[in-house]
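Colleague: The structure that follows is given in the form of structure tokens.
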Amino acid sequence: MRRPEGGAYRVLWATLLAVGLTAALTAAVMLGPAGRKNTFVSADLAVAVAIPAAAVAIAILLVALLLRVPDARKAAGAETMAVLVGVPVLGILVFRVVAGVSDERGFASETLLWWIPAMVVITLLLLGIAVRNDVVRRSEARNPVSRRPVMASSVDRDELRRAAESLAALPTTSATREHWNASLTTLERRDLPSETIAQARAMTPAAWLAWICYDGEIDVSGVMPRR
């Protein structure tokens with residue numbers, strides 16, 4: 001089962017992604033078409049900003065692509081942001097490929113020799129981040145059983161623990177065991193994690209529920225099925 005990442009990792013992951021996306025957009029906009037927003041930005045200044053921005057974007061987006069995605073909600077946000085940044089980046093890249101340096105911005109042709117390849121790499125990284133986070137989001141949606149329940153408070157946890165302990169102490173009839181195995185077989189056909197199914201088969205229904213909710217806090221050895 002997929003375990004949720006800690007808060008510090010989530011903050012680090014989100015920060016890296018935000019910095020990478022900002023740098024990517026900056027590197028693209030600096031060489032964008034002439035307009036009101038870059039009227040007073042000289043070609044030299046634009047290039048001076050675009051060079052480090054492109055380097056930072058490539059390095060950080062590559063790291064973000066390789067890091068583990070914290071959860072489905074973060075994946076959905078990252079996918080959306082990657083697409084929102086990727087669309088203008090790709091648009092500016094296409095514009096520069098078509099227009100070259102013939103517009104009124106006054107860039108040197110040598111500038112595009114490094115800028116176009118850099119933006120192609122950035123675009124591919126943005127695409128990779130969007131696709132990877134989409135896969136994670138869809139995977140988590142297909143396997144909700146792997147998500148651990150979030151308890152509202154310590155009072156709720158204590159109350160549910162007592163209820164689970166009581167349920168786990170109840171005897172398991174042969175009919176219940178037969179229905180349990182049939183249900184697990186059905187879930188197994190739906191491509192649920194084999195580790196989860198094997199774990200559930202080794203325990204009674206109530207014992208498995210108690211274990212999965214409290215991660216070993218409850219001693220379920222007394223209600224394990226006898227062979």
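Letters for chains follow the order of the structure tokens (A, B, ...), residue numbers begin at 1 for each chain, and ligand numbers begin at 1 in the order shown.
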Skipping near chain neighbours, those fewer than 4 positions away, what residues fall within 9 Å of region 50-53 of chain A using only C-alpha atoms, listed as a list of chain:residue names?

Modeller: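 Everything that qualifies: A:Gly20, A:Thr22, A:Ala23, A:Ala24, A:Leu25, A:Thr26, A:Ala27, A:Ala28, A:Val29, A:Met30, A:Leu31, A:Leu45, A:Ala46, A:Ala57, A:Ile58, A:Trp114, A:Trp115.
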
Colleague: Would you put the residues from that selection into a file with N, CA, C and O atoms, as a short mmCIF file (atom, residue, chain, number, x, y, z; two decimals), in the first residue's frame?

Modeller:
```cif
data_model
loop_
_atom_site.label_atom_id
_atom_site.label_comp_id
_atom_site.auth_asym_id
_atom_site.auth_seq_id
_atom_site.Cartn_x
_atom_site.Cartn_y
_atom_site.Cartn_z
N GLY A 20 10.45 25.70 -10.13
CA GLY A 20 10.73 25.22 -11.49
C GLY A 20 9.76 25.78 -12.51
O GLY A 20 10.16 26.20 -13.60
N THR A 22 7.97 28.56 -12.25
CA THR A 22 8.19 30.00 -12.37
C THR A 22 9.40 30.29 -13.25
O THR A 22 9.37 31.19 -14.10
N ALA A 23 10.47 29.53 -13.03
CA ALA A 23 11.68 29.72 -13.84
C ALA A 23 11.42 29.39 -15.30
O ALA A 23 11.91 30.09 -16.20
N ALA A 24 10.65 28.35 -15.57
CA ALA A 24 10.34 27.97 -16.94
C ALA A 24 9.55 29.07 -17.65
O ALA A 24 9.85 29.43 -18.79
N LEU A 25 8.56 29.61 -16.97
CA LEU A 25 7.74 30.67 -17.56
C LEU A 25 8.56 31.93 -17.78
O LEU A 25 8.42 32.61 -18.80
N THR A 26 9.44 32.23 -16.83
CA THR A 26 10.30 33.41 -16.96
C THR A 26 11.23 33.29 -18.16
O THR A 26 11.41 34.23 -18.94
N ALA A 27 11.86 32.11 -18.31
CA ALA A 27 12.78 31.89 -19.42
C ALA A 27 12.09 32.05 -20.76
O ALA A 27 12.67 32.53 -21.74
N ALA A 28 10.81 31.66 -20.82
CA ALA A 28 10.06 31.77 -22.08
C ALA A 28 9.62 33.20 -22.33
O ALA A 28 9.81 33.75 -23.43
N VAL A 29 9.04 33.84 -21.32
CA VAL A 29 8.49 35.19 -21.49
C VAL A 29 9.55 36.21 -21.86
O VAL A 29 9.28 37.15 -22.61
N MET A 30 10.76 36.01 -21.34
CA MET A 30 11.83 36.96 -21.63
C MET A 30 12.10 37.09 -23.13
O MET A 30 12.54 38.14 -23.60
N LEU A 31 11.85 36.04 -23.89
CA LEU A 31 12.06 36.09 -25.34
C LEU A 31 10.74 36.02 -26.10
O LEU A 31 10.68 35.62 -27.25
N LEU A 45 19.01 42.66 -21.49
CA LEU A 45 18.46 42.35 -20.17
C LEU A 45 17.63 41.07 -20.23
O LEU A 45 17.70 40.22 -19.32
N ALA A 46 16.84 40.91 -21.29
CA ALA A 46 16.00 39.72 -21.44
C ALA A 46 16.85 38.46 -21.49
O ALA A 46 16.53 37.45 -20.85
N ALA A 57 15.26 26.22 -14.35
CA ALA A 57 14.06 25.47 -14.71
C ALA A 57 14.38 24.03 -15.09
O ALA A 57 13.72 23.09 -14.62
N ILE A 58 15.40 23.84 -15.92
CA ILE A 58 15.76 22.49 -16.35
C ILE A 58 16.19 21.63 -15.16
O ILE A 58 15.75 20.49 -14.99
N TRP A 114 20.93 28.68 -28.31
CA TRP A 114 20.84 27.99 -27.02
C TRP A 114 19.42 28.04 -26.46
O TRP A 114 18.99 27.12 -25.77
N TRP A 115 18.68 29.11 -26.76
CA TRP A 115 17.36 29.29 -26.16
C TRP A 115 16.36 28.24 -26.68
O TRP A 115 15.60 27.66 -25.89
#
```

Colleague: For region 7-15 of chain A, list every protein, DNA or RNA residue within 10 Å, evaluated using only C-alpha atoms, and leave out those in the same chain fewer than 4 positions away; present the list as a PyMOL selection string.

Modeller: chain A and resi 19-21+63-64+67-71+74+77-78

Colleague: Could you tell me, as an MDAnalysis selection string, which residues of region 62-111 of chain A DSSP assigns to alpha helix (DSSP H) when given the backbone?

Modeller: chainID A and resid 62:66 72:99 109:111

Colleague: Generate a file of the selected residues that holds N, CA, C and O atoms, formatted as a compact mmCIF listing (two decimals), in the first residue's frame.

Modeller:
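Output contents, as saved in out.txt:
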```
# COMPACT_ATOMS: atom_id res chain seq x y z
N LEU A 62 13.63 18.72 -13.60
CA LEU A 62 14.12 17.35 -13.70
C LEU A 62 14.04 16.65 -12.36
O LEU A 62 13.61 15.49 -12.26
N VAL A 63 14.44 17.37 -11.29
CA VAL A 63 14.34 16.81 -9.94
C VAL A 63 12.88 16.55 -9.57
O VAL A 63 12.54 15.49 -9.03
N ALA A 64 12.01 17.51 -9.88
CA ALA A 64 10.58 17.36 -9.57
C ALA A 64 9.97 16.18 -10.32
O ALA A 64 9.09 15.49 -9.81
N LEU A 65 10.45 15.95 -11.53
CA LEU A 65 9.94 14.82 -12.32
C LEU A 65 10.33 13.48 -11.71
O LEU A 65 9.58 12.51 -11.77
N LEU A 66 11.51 13.43 -11.09
CA LEU A 66 12.02 12.18 -10.53
C LEU A 66 11.54 11.91 -9.11
O LEU A 66 11.53 10.76 -8.66
N ALA A 72 -2.64 12.03 -4.40
CA ALA A 72 -3.47 12.31 -5.57
C ALA A 72 -3.86 13.77 -5.66
O ALA A 72 -3.94 14.34 -6.75
N ARG A 73 -4.11 14.41 -4.52
CA ARG A 73 -4.51 15.82 -4.55
C ARG A 73 -3.37 16.70 -5.04
O ARG A 73 -3.57 17.60 -5.86
N LYS A 74 -2.16 16.44 -4.55
CA LYS A 74 -0.99 17.18 -5.04
C LYS A 74 -0.75 16.89 -6.51
O LYS A 74 -0.36 17.77 -7.28
N ALA A 75 -0.98 15.64 -6.91
CA ALA A 75 -0.78 15.26 -8.31
C ALA A 75 -1.74 16.04 -9.22
O ALA A 75 -1.35 16.50 -10.30
N ALA A 76 -2.99 16.17 -8.80
CA ALA A 76 -3.97 16.91 -9.60
C ALA A 76 -3.56 18.37 -9.76
O ALA A 76 -3.64 18.94 -10.85
N GLY A 77 -3.09 18.98 -8.66
CA GLY A 77 -2.65 20.38 -8.73
C GLY A 77 -1.43 20.55 -9.60
O GLY A 77 -1.33 21.50 -10.39
N ALA A 78 -0.48 19.63 -9.46
CA ALA A 78 0.76 19.71 -10.25
C ALA A 78 0.47 19.52 -11.73
O ALA A 78 1.06 20.20 -12.58
N GLU A 79 -0.43 18.60 -12.04
CA GLU A 79 -0.80 18.37 -13.44
C GLU A 79 -1.41 19.64 -14.06
O GLU A 79 -1.04 20.05 -15.17
N THR A 80 -2.31 20.27 -13.31
CA THR A 80 -2.95 21.49 -13.80
C THR A 80 -1.94 22.61 -14.02
O THR A 80 -1.95 23.29 -15.05
N MET A 81 -1.06 22.81 -13.03
CA MET A 81 -0.08 23.89 -13.14
C MET A 81 0.92 23.64 -14.27
O MET A 81 1.32 24.58 -14.97
N ALA A 82 1.32 22.38 -14.45
CA ALA A 82 2.25 22.07 -15.54
C ALA A 82 1.63 22.37 -16.89
O ALA A 82 2.30 22.88 -17.80
N VAL A 83 0.34 22.09 -17.02
CA VAL A 83 -0.34 22.38 -18.29
C VAL A 83 -0.49 23.88 -18.48
O VAL A 83 -0.26 24.41 -19.58
N LEU A 84 -0.88 24.60 -17.42
CA LEU A 84 -1.06 26.05 -17.51
C LEU A 84 0.24 26.77 -17.87
O LEU A 84 0.22 27.78 -18.58
N VAL A 85 1.36 26.26 -17.37
CA VAL A 85 2.66 26.86 -17.72
C VAL A 85 3.13 26.36 -19.07
O VAL A 85 3.69 27.11 -19.87
N GLY A 86 2.89 25.09 -19.35
CA GLY A 86 3.37 24.50 -20.60
C GLY A 86 2.76 25.09 -21.84
O GLY A 86 3.44 25.24 -22.86
N VAL A 87 1.49 25.49 -21.78
CA VAL A 87 0.82 26.04 -22.97
C VAL A 87 1.47 27.35 -23.43
O VAL A 87 1.84 27.47 -24.61
N PRO A 88 1.65 28.36 -22.56
CA PRO A 88 2.33 29.57 -23.03
C PRO A 88 3.78 29.36 -23.39
O PRO A 88 4.30 30.00 -24.32
N VAL A 89 4.46 28.47 -22.67
CA VAL A 89 5.86 28.17 -23.00
C VAL A 89 5.96 27.61 -24.41
O VAL A 89 6.80 28.04 -25.22
N LEU A 90 5.10 26.65 -24.72
CA LEU A 90 5.09 26.07 -26.06
C LEU A 90 4.71 27.11 -27.11
O LEU A 90 5.29 27.14 -28.21
N GLY A 91 3.75 27.97 -26.78
CA GLY A 91 3.33 29.00 -27.72
C GLY A 91 4.45 29.96 -28.07
O GLY A 91 4.67 30.31 -29.24
N ILE A 92 5.20 30.39 -27.04
CA ILE A 92 6.32 31.31 -27.27
C ILE A 92 7.43 30.61 -28.04
O ILE A 92 8.08 31.20 -28.91
N LEU A 93 7.66 29.34 -27.73
CA LEU A 93 8.68 28.57 -28.45
C LEU A 93 8.34 28.48 -29.93
O LEU A 93 9.20 28.72 -30.79
N VAL A 94 7.09 28.16 -30.24
CA VAL A 94 6.66 28.08 -31.64
C VAL A 94 6.80 29.44 -32.33
O VAL A 94 7.25 29.53 -33.48
N PHE A 95 6.44 30.49 -31.62
CA PHE A 95 6.57 31.84 -32.19
C PHE A 95 8.01 32.14 -32.56
O PHE A 95 8.31 32.64 -33.65
N ARG A 96 8.95 31.84 -31.65
CA ARG A 96 10.36 32.15 -31.91
C ARG A 96 10.92 31.28 -33.03
O ARG A 96 11.77 31.73 -33.81
N VAL A 97 10.47 30.03 -33.10
CA VAL A 97 10.94 29.15 -34.18
C VAL A 97 10.48 29.71 -35.53
O VAL A 97 11.23 29.70 -36.52
N VAL A 98 9.27 30.21 -35.58
CA VAL A 98 8.73 30.75 -36.84
C VAL A 98 9.28 32.14 -37.15
O VAL A 98 9.72 32.42 -38.26
N ALA A 99 9.26 33.02 -36.13
CA ALA A 99 9.66 34.42 -36.37
C ALA A 99 11.16 34.62 -36.32
O ALA A 99 11.68 35.56 -36.94
N SER A 109 20.81 36.39 -33.49
CA SER A 109 20.51 35.03 -33.94
C SER A 109 21.22 33.99 -33.07
O SER A 109 20.73 32.87 -32.90
N GLU A 110 22.38 34.35 -32.51
CA GLU A 110 23.12 33.41 -31.65
C GLU A 110 22.33 33.07 -30.38
O GLU A 110 22.49 31.99 -29.81
N THR A 111 21.48 34.01 -29.96
CA THR A 111 20.70 33.78 -28.75
C THR A 111 19.77 32.58 -28.90
O THR A 111 19.62 31.77 -27.98
```

Colleague: Please determine, counting only C-alpha atoms, which residue among A:Phe40, A:Ala34, A:Arg132, A:Leu184 has the shortest atom-to-atom distance to Asp103 (chain A).

Modeller: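 Distance minimum relative to Asp103 (chain A) lands on A:Ala34.
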
Colleague: Nearest to Glu178 (chain A): which of A:Val136, A:Arg201, A:Lys37, A:Glu195 is it, counting only C-alpha atoms?

Modeller: A:Arg201

Colleague: Find, counting only C-alpha atoms, the residue in A:Leu61, A:Ile116, A:Arg190, A:Gly106 that gets nearest to Ile129 (chain A).

Modeller: A:Leu61
